[in-house]
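Asker: File name protein-v5.csv; file contents CSV, C-alpha atoms; full text below.
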```csv
chain,number,residue,atom,x,y,z
A,14,MET,CA,0.0,0.0,0.0
A,15,ALA,CA,2.8,2.4,0.9
A,16,VAL,CA,4.6,1.7,-2.3
A,17,SER,CA,1.5,2.3,-4.4
A,18,ARG,CA,0.9,5.6,-2.6
A,19,GLY,CA,4.5,6.8,-3.3
A,20,LEU,CA,4.2,5.8,-6.9
A,21,CYS,CA,1.0,7.9,-7.3
A,22,VAL,CA,2.6,10.9,-5.7
A,23,LEU,CA,5.6,10.6,-8.1
A,24,LEU,CA,3.2,10.4,-11.1
A,25,LEU,CA,1.4,13.5,-10.0
A,26,ALA,CA,4.6,15.4,-9.6
A,27,LEU,CA,6.0,14.5,-13.0
A,28,PRO,CA,4.0,17.2,-15.0
A,29,ALA,CA,5.3,19.9,-12.5
A,30,LEU,CA,8.8,18.7,-12.9
A,31,ALA,CA,8.5,18.7,-16.6
A,32,GLN,CA,7.5,22.3,-16.5
A,33,VAL,CA,10.7,23.5,-14.7
A,34,PRO,CA,12.6,25.5,-17.4
A,35,THR,CA,16.3,25.1,-18.2
A,36,PRO,CA,18.4,28.1,-17.5
A,37,VAL,CA,19.0,30.6,-20.3
A,38,GLU,CA,22.1,29.8,-22.4
A,39,ASP,CA,25.1,31.9,-23.5
A,40,LEU,CA,24.3,34.8,-21.2
A,41,LYS,CA,26.7,37.7,-22.0
A,42,ALA,CA,27.2,41.2,-20.7
A,43,HIS,CA,28.8,43.6,-23.2
A,44,ASP,CA,29.8,47.2,-23.3
A,45,TYR,CA,27.2,49.1,-25.3
A,46,PRO,CA,29.0,50.0,-28.6
A,47,GLY,CA,29.6,53.6,-29.5
A,48,ASP,CA,28.1,55.2,-26.4
A,49,ASP,CA,29.6,57.5,-23.7
A,50,GLY,CA,30.0,54.7,-21.2
A,51,THR,CA,26.5,54.7,-19.6
A,52,SER,CA,25.0,51.5,-20.9
A,53,ILE,CA,25.7,47.7,-20.8
A,54,LEU,CA,24.2,45.3,-23.4
A,55,LEU,CA,22.9,42.0,-21.9
A,56,SER,CA,22.1,39.2,-24.3
A,57,TRP,CA,21.2,35.4,-24.3
A,58,ASN,CA,20.1,32.7,-26.7
A,59,LYS,CA,16.6,32.1,-27.9
A,60,MET,CA,15.2,29.2,-25.8
A,61,PRO,CA,12.9,26.3,-26.8
A,62,TYR,CA,10.1,27.4,-24.4
A,63,ASP,CA,10.0,31.0,-25.8
A,64,GLY,CA,6.4,32.0,-26.6
A,65,GLN,CA,4.8,29.6,-24.2
A,66,GLU,CA,2.0,31.0,-22.1
A,67,GLY,CA,3.2,32.4,-18.7
A,68,VAL,CA,6.9,32.3,-19.5
A,69,PHE,CA,8.9,35.5,-18.5
A,70,TYR,CA,12.5,36.5,-18.1
A,71,VAL,CA,13.5,38.5,-15.0
A,72,VAL,CA,16.8,40.5,-15.5
A,73,GLU,CA,18.7,41.0,-12.2
A,74,GLY,CA,21.8,43.0,-11.6
A,75,ALA,CA,24.0,44.6,-9.0
A,76,GLU,CA,27.4,46.2,-8.4
A,77,GLU,CA,30.2,43.8,-7.5
A,78,GLY,CA,29.9,42.7,-3.9
A,79,LYS,CA,26.2,43.6,-3.6
A,80,GLU,CA,23.1,41.4,-3.7
A,81,LEU,CA,21.3,41.0,-7.0
A,82,ALA,CA,18.1,43.0,-7.5
A,83,GLN,CA,15.4,42.9,-10.2
A,84,ILE,CA,15.9,45.4,-13.1
A,85,ILE,CA,13.1,44.4,-15.4
A,86,GLN,CA,10.7,41.6,-16.2
A,87,VAL,CA,10.0,40.9,-19.9
A,88,ASP,CA,7.8,38.5,-21.8
A,89,SER,CA,9.6,35.6,-23.5
A,90,THR,CA,8.4,36.9,-26.9
A,91,SER,CA,10.0,40.3,-26.5
A,92,ALA,CA,13.4,41.9,-26.1
A,93,TRP,CA,15.0,40.6,-29.3
A,94,SER,CA,18.4,41.7,-30.5
A,95,GLU,CA,16.7,43.2,-33.6
A,96,ASP,CA,14.9,45.7,-31.4
A,97,ILE,CA,18.2,47.2,-30.2
A,98,LYS,CA,19.1,50.3,-32.2
A,99,LEU,CA,22.5,49.2,-33.4
A,100,PRO,CA,23.7,49.0,-37.1
A,101,PHE,CA,24.5,45.6,-38.7
A,102,TRP,CA,28.2,46.3,-38.6
A,103,LEU,CA,28.1,46.3,-34.8
A,104,TRP,CA,25.3,43.9,-33.9
A,105,SER,CA,23.6,40.8,-35.3
A,106,ARG,CA,20.0,41.9,-35.8
A,107,ASP,CA,17.8,38.8,-35.6
A,108,ARG,CA,15.4,36.8,-33.4
A,109,GLU,CA,17.9,34.2,-32.4
A,110,ARG,CA,19.0,36.1,-29.3
A,111,HIS,CA,17.3,38.1,-26.7
A,112,ALA,CA,18.9,41.5,-25.7
A,113,PHE,CA,18.3,44.2,-23.2
A,114,GLU,CA,20.1,47.6,-22.8
A,115,VAL,CA,20.9,48.2,-19.1
A,116,LYS,CA,21.0,51.9,-18.2
A,117,SER,CA,20.5,51.6,-14.5
A,118,VAL,CA,21.2,49.1,-11.8
A,119,GLY,CA,19.8,49.2,-8.2
A,120,GLY,CA,18.1,52.5,-8.9
A,121,ALA,CA,21.3,54.2,-10.0
A,122,SER,CA,22.6,55.0,-13.5
A,123,VAL,CA,25.3,52.7,-14.9
A,124,GLU,CA,28.8,54.3,-14.4
A,125,LYS,CA,31.7,53.8,-16.8
A,126,GLY,CA,34.5,51.6,-15.6
A,127,LYS,CA,32.5,50.1,-12.8
A,128,THR,CA,31.9,46.3,-12.9
A,129,TYR,CA,28.3,44.9,-12.6
A,130,ARG,CA,27.0,41.4,-12.1
A,131,PHE,CA,23.9,40.1,-14.0
A,132,SER,CA,21.7,37.0,-14.1
A,133,VAL,CA,18.5,36.1,-16.0
A,134,THR,CA,15.8,34.1,-14.2
A,135,THR,CA,13.2,32.2,-16.2
A,136,LEU,CA,9.7,32.2,-14.7
A,137,PHE,CA,7.3,29.3,-15.5
A,138,PRO,CA,3.8,28.6,-14.2
A,139,GLY,CA,5.3,25.6,-12.5
A,140,GLY,CA,8.6,27.0,-11.3
A,141,ARG,CA,11.6,29.2,-12.0
A,142,SER,CA,15.2,28.7,-13.1
A,143,GLY,CA,18.1,31.0,-12.5
A,144,SER,CA,21.0,31.4,-14.9
A,145,GLN,CA,24.7,31.7,-14.1
A,146,THR,CA,26.0,35.1,-13.1
A,147,VAL,CA,28.0,37.1,-15.6
A,148,SER,CA,30.0,40.3,-15.2
A,149,GLY,CA,30.4,43.4,-17.4
A,150,ALA,CA,31.4,47.0,-17.4
A,151,ALA,CA,30.5,50.1,-19.4
A,152,GLU,CA,33.3,51.8,-21.3
A,153,GLU,CA,33.4,55.3,-22.9
A,154,ASN,CA,34.1,54.9,-26.7
A,155,TRP,CA,36.3,57.5,-28.3
A,156,PHE,CA,34.6,57.0,-31.7
A,157,ASP,CA,30.8,56.6,-32.1
A,158,SER,CA,30.9,53.7,-34.5
A,159,ARG,CA,27.1,53.8,-34.8
A,160,GLN,CA,27.5,56.9,-36.9
A,161,LEU,CA,30.0,55.4,-39.3
A,162,ASN,CA,27.5,55.6,-42.1
A,163,ASN,CA,27.0,59.4,-41.5
A,164,LEU,CA,30.8,59.9,-41.7
A,165,VAL,CA,30.9,58.0,-45.0
A,166,LEU,CA,28.0,60.1,-46.4
A,167,LEU,CA,29.7,63.3,-45.2
A,168,ILE,CA,33.0,62.4,-46.9
A,169,LEU,CA,31.0,61.5,-50.1
A,170,PHE,CA,29.3,64.9,-50.0
A,171,PHE,CA,32.5,66.8,-49.5
A,172,GLY,CA,34.0,64.8,-52.3
A,173,VAL,CA,31.2,66.0,-54.6
A,174,VAL,CA,31.7,69.6,-53.6
A,175,PHE,CA,35.4,69.6,-54.2
A,176,LEU,CA,34.9,67.9,-57.5
A,177,PHE,CA,32.6,70.6,-58.7
A,178,ILE,CA,34.9,73.4,-57.4
A,179,ASN,CA,37.7,72.0,-59.5
A,180,LEU,CA,35.3,71.7,-62.5
A,181,ALA,CA,34.2,75.3,-62.0
A,182,LYS,CA,37.9,76.5,-62.1
A,183,THR,CA,38.2,75.0,-65.6
A,184,ASN,CA,34.7,76.1,-66.7
A,185,PRO,CA,33.6,79.4,-65.1
A,186,ASN,CA,30.4,79.3,-67.1
A,187,MET,CA,29.2,76.1,-65.5
A,188,PHE,CA,25.4,75.8,-65.6
A,189,LEU,CA,23.5,76.7,-62.5
A,190,ARG,CA,19.7,76.4,-62.2
A,191,ARG,CA,18.2,79.8,-62.6
A,192,ILE,CA,16.3,81.8,-59.9
A,193,ALA,CA,13.8,84.4,-61.1
A,194,GLY,CA,14.8,86.9,-58.4
A,195,LEU,CA,18.4,86.9,-59.5
A,196,ASP,CA,17.4,87.4,-63.2
A,197,ALA,CA,15.4,90.5,-62.0
A,198,ILE,CA,18.5,92.2,-60.5
A,199,GLU,CA,19.9,93.1,-63.9
A,200,GLU,CA,16.4,94.2,-65.0
A,201,ALA,CA,16.0,96.4,-61.9
A,202,ILE,CA,19.4,98.1,-62.4
A,203,GLY,CA,18.7,98.7,-66.1
A,204,ARG,CA,15.3,100.2,-65.2
A,205,ALA,CA,16.9,102.6,-62.7
A,206,THR,CA,19.5,103.7,-65.3
A,207,GLU,CA,16.9,104.3,-68.0
A,208,MET,CA,14.6,106.3,-65.7
A,209,GLY,CA,17.5,108.3,-64.2
A,210,ARG,CA,16.3,107.5,-60.7
A,211,PRO,CA,18.3,106.1,-57.8
A,212,LEU,CA,18.6,102.4,-56.7
A,213,TYR,CA,18.2,101.6,-53.0
A,214,TYR,CA,19.9,98.7,-51.3
A,215,MET,CA,19.3,97.7,-47.6
A,216,THR,CA,21.4,95.1,-45.8
A,217,GLY,CA,19.0,94.4,-42.9
A,218,LEU,CA,19.1,94.8,-39.2
A,219,TYR,CA,22.0,92.7,-38.0
A,220,GLY,CA,25.7,93.5,-37.8
A,221,MET,CA,28.7,91.9,-39.7
A,222,ASP,CA,28.7,88.9,-37.3
A,223,ALA,CA,25.5,87.7,-38.9
A,224,ILE,CA,25.8,85.3,-41.9
A,225,GLN,CA,22.8,87.1,-43.6
A,226,THR,CA,24.6,90.4,-43.5
A,227,ILE,CA,27.8,88.9,-44.9
A,228,ALA,CA,25.8,87.4,-47.8
A,229,SER,CA,24.1,90.7,-48.4
A,230,SER,CA,27.4,92.6,-48.5
A,231,VAL,CA,28.7,90.2,-51.2
A,232,ILE,CA,25.6,90.7,-53.3
A,233,LEU,CA,26.0,94.5,-52.8
A,234,GLY,CA,29.5,94.3,-54.3
A,235,GLN,CA,28.1,92.7,-57.5
A,236,VAL,CA,25.1,95.1,-57.6
A,237,ALA,CA,27.5,98.1,-57.2
A,238,ARG,CA,29.7,96.8,-60.0
A,239,ARG,CA,26.7,96.8,-62.4
A,240,VAL,CA,25.7,100.2,-61.1
A,241,ALA,CA,29.2,101.5,-61.8
A,242,GLU,CA,29.1,100.2,-65.3
A,243,TYR,CA,25.7,101.8,-66.0
A,244,ASP,CA,26.5,105.0,-64.1
A,245,THR,CA,23.4,104.6,-61.9
A,246,GLN,CA,22.7,106.5,-58.6
A,247,LEU,CA,23.1,104.3,-55.6
A,248,ARG,CA,21.7,104.7,-52.0
A,249,VAL,CA,22.7,102.3,-49.2
A,250,PRO,CA,21.3,103.5,-45.9
A,251,HIS,CA,22.7,101.8,-42.7
A,252,ARG,CA,21.7,101.3,-39.1
A,253,ASP,CA,24.9,99.6,-38.0
A,254,PRO,CA,28.2,101.6,-38.1
A,255,VAL,CA,30.4,98.5,-38.7
A,256,VAL,CA,28.3,97.4,-41.6
A,257,PHE,CA,28.4,101.0,-42.9
A,258,SER,CA,32.2,100.9,-42.9
A,259,VAL,CA,32.4,97.5,-44.5
A,260,CYS,CA,29.9,98.3,-47.2
A,261,GLN,CA,31.8,101.5,-48.0
A,262,GLU,CA,34.9,99.5,-48.9
A,263,VAL,CA,32.8,96.9,-50.8
A,264,VAL,CA,31.2,99.5,-53.0
A,265,LYS,CA,34.5,101.3,-53.5
A,266,GLU,CA,36.2,98.1,-54.6
A,267,ALA,CA,33.3,97.3,-56.9
A,268,TYR,CA,33.8,100.6,-58.7
A,269,ALA,CA,37.5,100.0,-59.0
A,270,LYS,CA,36.8,96.5,-60.6
A,271,ALA,CA,34.4,98.1,-63.0
A,272,GLY,CA,37.1,100.5,-64.1
A,273,ARG,CA,35.2,103.5,-62.7
A,274,PRO,CA,37.0,104.5,-59.5
A,275,ASP,CA,36.5,108.2,-60.4
A,276,ALA,CA,32.7,107.7,-60.3
A,277,TYR,CA,32.7,106.5,-56.7
A,278,LYS,CA,31.2,108.8,-54.1
A,279,GLU,CA,31.6,108.4,-50.4
A,280,ASP,CA,27.9,109.3,-49.7
A,281,TYR,CA,26.6,106.3,-51.6
A,282,ASN,CA,26.7,104.6,-48.1
A,283,PHE,CA,25.4,106.6,-45.2
A,284,PHE,CA,24.5,106.0,-41.6
A,285,LEU,CA,21.1,106.9,-40.2
A,286,THR,CA,20.4,105.6,-36.7
A,287,GLN,CA,20.6,102.3,-34.8
A,288,ASP,CA,17.0,102.5,-33.6
A,289,GLN,CA,14.9,100.0,-35.7
A,290,PHE,CA,11.8,102.1,-36.4
A,291,SER,CA,13.5,105.4,-36.5
A,292,TYR,CA,15.7,103.9,-39.3
A,293,THR,CA,12.5,102.6,-41.0
A,294,ALA,CA,10.8,105.9,-40.9
A,295,ALA,CA,13.9,107.7,-42.2
A,296,VAL,CA,14.2,105.3,-45.2
A,297,ASP,CA,10.5,105.5,-45.9
A,298,GLY,CA,10.6,109.3,-46.1
A,299,MET,CA,13.6,109.1,-48.4
A,300,MET,CA,11.8,106.7,-50.7
A,301,VAL,CA,8.7,108.9,-50.9
A,302,ARG,CA,10.8,111.9,-51.8
A,303,GLU,CA,13.2,110.4,-54.3
A,304,ARG,CA,10.9,107.7,-55.7
A,305,PRO,CA,13.7,105.2,-56.5
A,306,ALA,CA,13.3,102.9,-59.6
A,307,ALA,CA,14.6,99.8,-57.9
A,308,ILE,CA,14.9,98.7,-54.2
A,309,PHE,CA,16.8,95.7,-52.8
A,310,TYR,CA,16.2,94.2,-49.4
A,311,MET,CA,18.9,91.6,-48.7
A,312,GLY,CA,19.6,90.4,-45.2
A,313,TYR,CA,17.9,89.9,-41.9
A,314,PHE,CA,14.7,91.8,-41.5
A,315,LEU,CA,12.0,91.8,-38.8
A,316,ALA,CA,8.9,93.9,-38.2
A,317,GLU,CA,10.2,96.7,-40.5
A,318,SER,CA,10.0,94.5,-43.5
A,319,LEU,CA,6.4,95.2,-44.5
A,320,LEU,CA,6.7,98.9,-43.5
A,321,LEU,CA,9.6,99.3,-45.9
A,322,ALA,CA,8.2,97.1,-48.7
A,323,GLU,CA,4.7,98.7,-48.7
A,324,VAL,CA,6.1,102.2,-49.0
A,325,GLY,CA,8.5,101.0,-51.7
A,326,ALA,CA,5.6,99.5,-53.6
A,327,THR,CA,3.8,102.9,-53.6
A,328,THR,CA,6.7,104.5,-55.4
A,329,GLY,CA,6.4,102.1,-58.3
A,330,ALA,CA,9.9,100.7,-57.9
A,331,ILE,CA,10.9,97.1,-58.8
A,332,GLN,CA,11.5,95.5,-55.5
A,333,VAL,CA,13.7,92.4,-55.0
A,334,ALA,CA,13.9,90.9,-51.4
A,335,GLY,CA,16.0,88.1,-50.0
A,336,THR,CA,16.0,86.7,-46.4
A,337,ASP,CA,16.0,83.5,-44.5
A,338,VAL,CA,13.6,84.8,-41.8
A,339,ALA,CA,10.6,82.6,-42.3
A,340,SER,CA,8.2,84.9,-40.4
A,341,GLN,CA,9.0,87.8,-42.8
A,342,LEU,CA,8.9,85.9,-46.1
A,343,PRO,CA,5.1,86.3,-46.5
A,344,PHE,CA,5.4,90.1,-46.3
A,345,PHE,CA,8.2,90.2,-48.9
A,346,VAL,CA,6.4,87.8,-51.2
A,347,THR,CA,3.2,89.9,-51.0
A,348,ALA,CA,4.8,93.4,-51.4
A,349,CYS,CA,7.8,92.7,-53.6
A,350,ASP,CA,8.1,91.8,-57.2
A,351,TYR,CA,10.7,89.0,-56.6
A,352,THR,CA,11.8,87.3,-53.4
A,353,LEU,CA,14.9,85.1,-52.7
A,354,ILE,CA,13.7,82.5,-50.3
A,355,GLY,CA,16.0,81.1,-47.6
A,356,GLU,CA,19.2,79.7,-49.0
A,357,GLU,CA,18.7,81.5,-52.3
A,358,LEU,CA,20.0,84.6,-50.5
A,359,TYR,CA,23.3,82.7,-50.1
A,360,ALA,CA,23.3,81.4,-53.6
A,361,ALA,CA,22.9,84.8,-55.1
A,362,SER,CA,26.6,85.7,-54.7
A,363,ALA,CA,27.7,82.7,-56.7
A,364,TYR,CA,25.3,83.5,-59.5
A,365,LEU,CA,26.4,87.1,-59.7
A,366,SER,CA,30.1,86.8,-59.2
A,367,ARG,CA,30.7,83.4,-60.9
A,368,GLU,CA,33.6,82.9,-58.5
A,369,PRO,CA,34.7,79.2,-59.0
A,370,VAL,CA,34.7,78.3,-55.3
A,371,LEU,CA,31.2,79.7,-54.8
A,372,VAL,CA,29.9,78.2,-58.1
A,373,GLY,CA,31.4,74.8,-57.4
A,374,THR,CA,30.1,74.8,-53.9
A,375,LEU,CA,26.6,75.7,-55.0
A,376,ARG,CA,26.6,73.1,-57.7
A,377,GLY,CA,27.9,70.5,-55.3
A,378,GLN,CA,25.1,71.4,-52.8
A,379,ASP,CA,22.5,70.9,-55.6
A,380,VAL,CA,23.9,67.5,-56.3
A,381,GLY,CA,23.9,66.7,-52.6
A,382,LYS,CA,20.2,67.6,-52.4
A,383,LEU,CA,19.5,65.3,-55.3
A,384,LEU,CA,21.4,62.5,-53.6
A,385,THR,CA,19.4,63.2,-50.4
A,386,LEU,CA,16.1,62.9,-52.3
A,387,VAL,CA,17.3,59.6,-53.8
A,388,ALA,CA,18.3,58.4,-50.4
A,389,LEU,CA,14.9,59.3,-49.0
A,390,ALA,CA,13.2,57.4,-51.8
A,391,ALA,CA,15.5,54.4,-51.4
A,392,GLY,CA,15.0,54.4,-47.6
A,393,THR,CA,11.2,54.4,-48.1
A,394,VAL,CA,11.4,51.3,-50.4
A,395,LEU,CA,13.9,49.5,-48.1
A,396,ALA,CA,11.7,50.1,-45.1
A,397,LEU,CA,8.6,48.9,-47.0
A,398,PHE,CA,10.3,45.6,-47.8
A,399,LYS,CA,12.2,45.5,-44.4
A,400,VAL,CA,15.6,45.2,-45.9
A,401,ASP,CA,17.2,46.1,-42.6
A,402,ARG,CA,20.9,45.8,-43.5
A,403,LEU,CA,20.7,48.2,-46.4
A,404,LEU,CA,18.4,50.5,-44.5
A,405,ASP,CA,21.1,50.7,-41.8
A,406,LEU,CA,23.2,52.6,-44.2
A,407,LEU,CA,20.7,55.5,-44.3
A,408,ARG,CA,19.5,55.3,-40.7
A,409,ASP,CA,20.5,57.7,-37.9
A,410,PHE,CA,21.5,55.7,-34.7
A,411,SER,CA,21.9,58.7,-32.4
```
If you took the structure in this file and wrote it as structure tokens, what would it be?
Answerer:
Amino acid sequence: MAVSRGLCVLLLALPALAQVPTPVEDLKAHDYPGDDGTSILLSWNKMPYDGQEGVFYVVEGAEEGKELAQIIQVDSTSAWSEDIKLPFWLWSRDRERHAFEVKSVGGASVEKGKTYRFSVTTLFPGGRSGSQTVSGAAEENWFDSRQLNNLVLLILFFGVVFLFINLAKTNPNMFLRRIAGLDAIEEAIGRATEMGRPLYYMTGLYGMDAIQTIASSVILGQVARRVAEYDTQLRVPHRDPVVFSVCQEVVKEAYAKAGRPDAYKEDYNFFLTQDQFSYTAAVDGMMVRERPAAIFYMGYFLAESLLLAEVGATTGAIQVAGTDVASQLPFFVTACDYTLIGEELYAASAYLSREPVLVGTLRGQDVGKLLTLVALAAGTVLALFKVDRLLDLLRDFS
């Protein structure tokens, strides 16, 4: 009787014993590649019981010499290596291994150079099984290898730019896509010459430390050169004394290059005031009195943009504006005849001067934009068909 009772107990216990899971295999703790030493990458093999109902993994960790504590509990169907944002050249992206990025242990952030211990316990409805303990430390990487693709693309882009700069040196008349606002500059200068009325040029509110003002002064040099050739009257009112001094030299040099140094006058450039709206009122009054034939607004403009452009429109002048201030573009587009939008302001100097370095850079940028559009289209197709390895070449892993 006693033997039969023991046999029955053993038979009843067999299903429970069968449910006890085996420990996870090939548990590893790695330094997270390409980071600043604040993460550890924990990974282990896919197990036969993955996906069964009620099976979970409990990740535990602690500093060396301290008791292990739970970090996270995940379902056995999650935390795959393909979910970790690492490129294929650093990490095998598949569903053959589980992976988890450890950023904190015991409530504290992972510190570089400090060693931590980890284990993964498998929970089953009928039991649990703990793995062996592994150790790992986070290290600060001097090179972010996750961004290797960005470095390659950057080198490719610079290579394209340098190629077109060299081509522009041998072919100064290299084709550039036309911009209507730039074509209008010649028309505006010619109109002012025919009508015998002055041409106004404004460089915006900012000083010479602003890239917009630098671009505007370069354009002013080309406009002044045409003005010198056509013997047109020029007015350049300023609100910044440094910009005033720089533009004086720019216009003077332009007249010298045009072979008309004798026609240059110091009062082409003049200083008004540094106050924004006092400057605006002064320029508006001058435009109403002199009724210029052409007005250029090139640079950084704020609330005065519409006040200037509206008054200029009432004089019947051809108005050409250029700025990268998005909030002021609607006013210029409405009140001016032509508007250079955003980067077209910076491209204008290349169009007008035909300087090989500027022309080559502009052409290289256009080709770079084309390559970017191709990359976007390719990335969309690769994402649609889940071609992860090629998609990694275009993905940002920051």
Asker: Give me the residues near Met215 (chain A) as a list in words, where near means some atom within 7 Å (using all atoms listed in the file) and where sequence neighbours in that chain fewer than 6 positions away do not count.
Answerer: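 Surrounding residues, per the criterion: Val249, Pro250, Phe309, Tyr310 and Met311 of chain A.
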Asker: Could you name the residues that touch region 86-101 of chain A at 12 Å or less, counting only C-alpha atoms, but leaving out those on the same chain fewer than 6 positions away, as a PyMOL selection string?
Answerer: chain A and resi 37+45-48+54-73+107-115+133-137+157-163+399-411
Asker: Go through A:Thr226, A:Gln83, A:Asn179, A:Thr328 one by one, measure the shortest atom-to-atom distance of each to Val301 (chain A) using all atoms listed in the file, and give the residue with the smallest value.
Answerer: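 Going through A:Thr226, A:Gln83, A:Asn179, A:Thr328 one by one, the smallest distance to Val301 (chain A) is for A:Thr328.
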Asker: Rounded to one decimal place, report the CA of Tyr281 (chain A)-CA of Arg238 (chain A) distance in Å.
Answerer: 13.1 Å
Asker: Name the residues in contact with Arg204 (chain A) at a cut-off of 9 Å, using all atoms listed in the file, excluding same-chain residues fewer than 6 positions from it; report them as a VMD selection string.
Answerer: chain A and resid 210 306 to 307 331
Asker: Which residue gives the smallest distance to Leu195 (chain A) among A:Gly272, A:Gly234, A:Gly335, A:Pro343, with all atoms listed in the file counted?
Answerer: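 For Leu195 (chain A), the nearest of the candidates is A:Gly335.
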Asker: Given all atoms listed in the file as the basis, pick out the residue of A:Ala205, A:Leu103, A:Val240, A:Ala197 nearest to Asp350 (chain A).
Answerer: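 Of all the options, A:Ala197 lies closest to Asp350 (chain A).
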Asker: What is the distance between CA of Gly78 (chain A) and CA of Glu38 (chain A), in Å to one decimal?
Answerer: 23.9 Å
Asker: Just give me the gap between CA of Glu323 (chain A) and CA of Phe345 (chain A) in Å, one decimal is fine.
Answerer: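 Taking CA of Glu323 (chain A) and CA of Phe345 (chain A), their separation equals 9.2 Å.
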Asker: Would you mind telling me which residue in A:Pro211, A:Glu152, A:Thr216, A:Lys382 lies nearest to Arg302 (chain A) when using all atoms listed in the file?
Answerer: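 Using all atoms listed in the file, Arg302 (chain A) sits closest to A:Pro211.
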Asker: Ala339 (chain A): which residues within 12 Å, counting all atoms listed in the file, same-chain residues fewer than 2 positions away excluded, as a list in words?
Answerer: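 In the requested format, the answer is Tyr313, Phe314, Leu315, Ser318, Gly335, Thr336, Asp337, Gln341, Leu342, Pro343, Phe344, Phe345, Val346, Leu353, Ile354, Gly355 and Glu356 of chain A.
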Asker: Kindly indicate which residue among A:Val387, A:Val174, A:Cys349, A:Leu166 lies nearest to Pro369 (chain A), using only C-alpha atoms for the distances.
Answerer: A:Val174
Asker: Got a sec: who's within 8 Å of Gly325 (chain A), counting all atoms listed in the file, leaving out chain neighbours fewer than 3 positions off, as a list of chain:residue names?
Answerer: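 In the requested format, the answer is A:Asp297, A:Met300, A:Val301, A:Ile308, A:Leu321, A:Ala322, A:Thr328, A:Gly329, A:Ala330, A:Gln332.
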Asker: Would you mind telling me which residue in A:Val231, A:Ala294, A:Leu40, A:Leu247 lies nearest to Glu279 (chain A) when using all atoms listed in the file?
Answerer: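 Comparing A:Val231, A:Ala294, A:Leu40, A:Leu247 against Glu279 (chain A), the winner is A:Leu247.
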Asker: Restore N, CA and C atoms in region 47-60 of chain A and list the result as a PDB file, keeping the file's coordinate frame.
Answerer:
```
ATOM      1  N   GLY A  47      29.731  52.237 -29.008  1.00  0.00           N
ATOM      2  CA  GLY A  47      29.600  53.600 -29.500  1.00  0.00           C
ATOM      3  C   GLY A  47      29.006  54.603 -28.584  1.00  0.00           C
ATOM      4  N   ASP A  48      28.770  54.254 -27.299  1.00  0.00           N
ATOM      5  CA  ASP A  48      28.100  55.200 -26.400  1.00  0.00           C
ATOM      6  C   ASP A  48      29.164  55.929 -25.538  1.00  0.00           C
ATOM      7  N   ASP A  49      28.683  56.708 -24.571  1.00  0.00           N
ATOM      8  CA  ASP A  49      29.600  57.500 -23.700  1.00  0.00           C
ATOM      9  C   ASP A  49      29.869  56.753 -22.394  1.00  0.00           C
ATOM     10  N   GLY A  50      29.653  55.436 -22.364  1.00  0.00           N
ATOM     11  CA  GLY A  50      30.000  54.700 -21.200  1.00  0.00           C
ATOM     12  C   GLY A  50      28.865  54.646 -20.137  1.00  0.00           C
ATOM     13  N   THR A  51      27.610  54.707 -20.568  1.00  0.00           N
ATOM     14  CA  THR A  51      26.500  54.700 -19.600  1.00  0.00           C
ATOM     15  C   THR A  51      25.525  53.582 -19.815  1.00  0.00           C
ATOM     16  N   SER A  52      25.888  52.580 -20.624  1.00  0.00           N
ATOM     17  CA  SER A  52      25.000  51.500 -20.900  1.00  0.00           C
ATOM     18  C   SER A  52      25.771  50.152 -21.001  1.00  0.00           C
ATOM     19  N   ILE A  53      25.113  49.058 -20.612  1.00  0.00           N
ATOM     20  CA  ILE A  53      25.700  47.700 -20.800  1.00  0.00           C
ATOM     21  C   ILE A  53      24.627  46.912 -21.573  1.00  0.00           C
ATOM     22  N   LEU A  54      25.105  46.107 -22.510  1.00  0.00           N
ATOM     23  CA  LEU A  54      24.200  45.300 -23.400  1.00  0.00           C
ATOM     24  C   LEU A  54      24.236  43.865 -22.860  1.00  0.00           C
ATOM     25  N   LEU A  55      23.060  43.386 -22.449  1.00  0.00           N
ATOM     26  CA  LEU A  55      22.900  42.000 -21.900  1.00  0.00           C
ATOM     27  C   LEU A  55      22.191  41.188 -22.991  1.00  0.00           C
ATOM     28  N   SER A  56      22.708  39.989 -23.300  1.00  0.00           N
ATOM     29  CA  SER A  56      22.100  39.200 -24.300  1.00  0.00           C
ATOM     30  C   SER A  56      22.175  37.682 -23.979  1.00  0.00           C
ATOM     31  N   TRP A  57      21.205  36.898 -24.471  1.00  0.00           N
ATOM     32  CA  TRP A  57      21.200  35.400 -24.300  1.00  0.00           C
ATOM     33  C   TRP A  57      20.449  34.782 -25.409  1.00  0.00           C
ATOM     34  N   ASN A  58      20.656  33.467 -25.566  1.00  0.00           N
ATOM     35  CA  ASN A  58      20.100  32.700 -26.700  1.00  0.00           C
ATOM     36  C   ASN A  58      18.585  32.590 -26.613  1.00  0.00           C
ATOM     37  N   LYS A  59      17.985  32.444 -27.784  1.00  0.00           N
ATOM     38  CA  LYS A  59      16.600  32.100 -27.900  1.00  0.00           C
ATOM     39  C   LYS A  59      16.407  30.676 -27.279  1.00  0.00           C
ATOM     40  N   MET A  60      15.372  30.463 -26.446  1.00  0.00           N
ATOM     41  CA  MET A  60      15.200  29.200 -25.800  1.00  0.00           C
ATOM     42  C   MET A  60      13.975  28.438 -26.351  1.00  0.00           C
TER      43      MET A  60
END
```
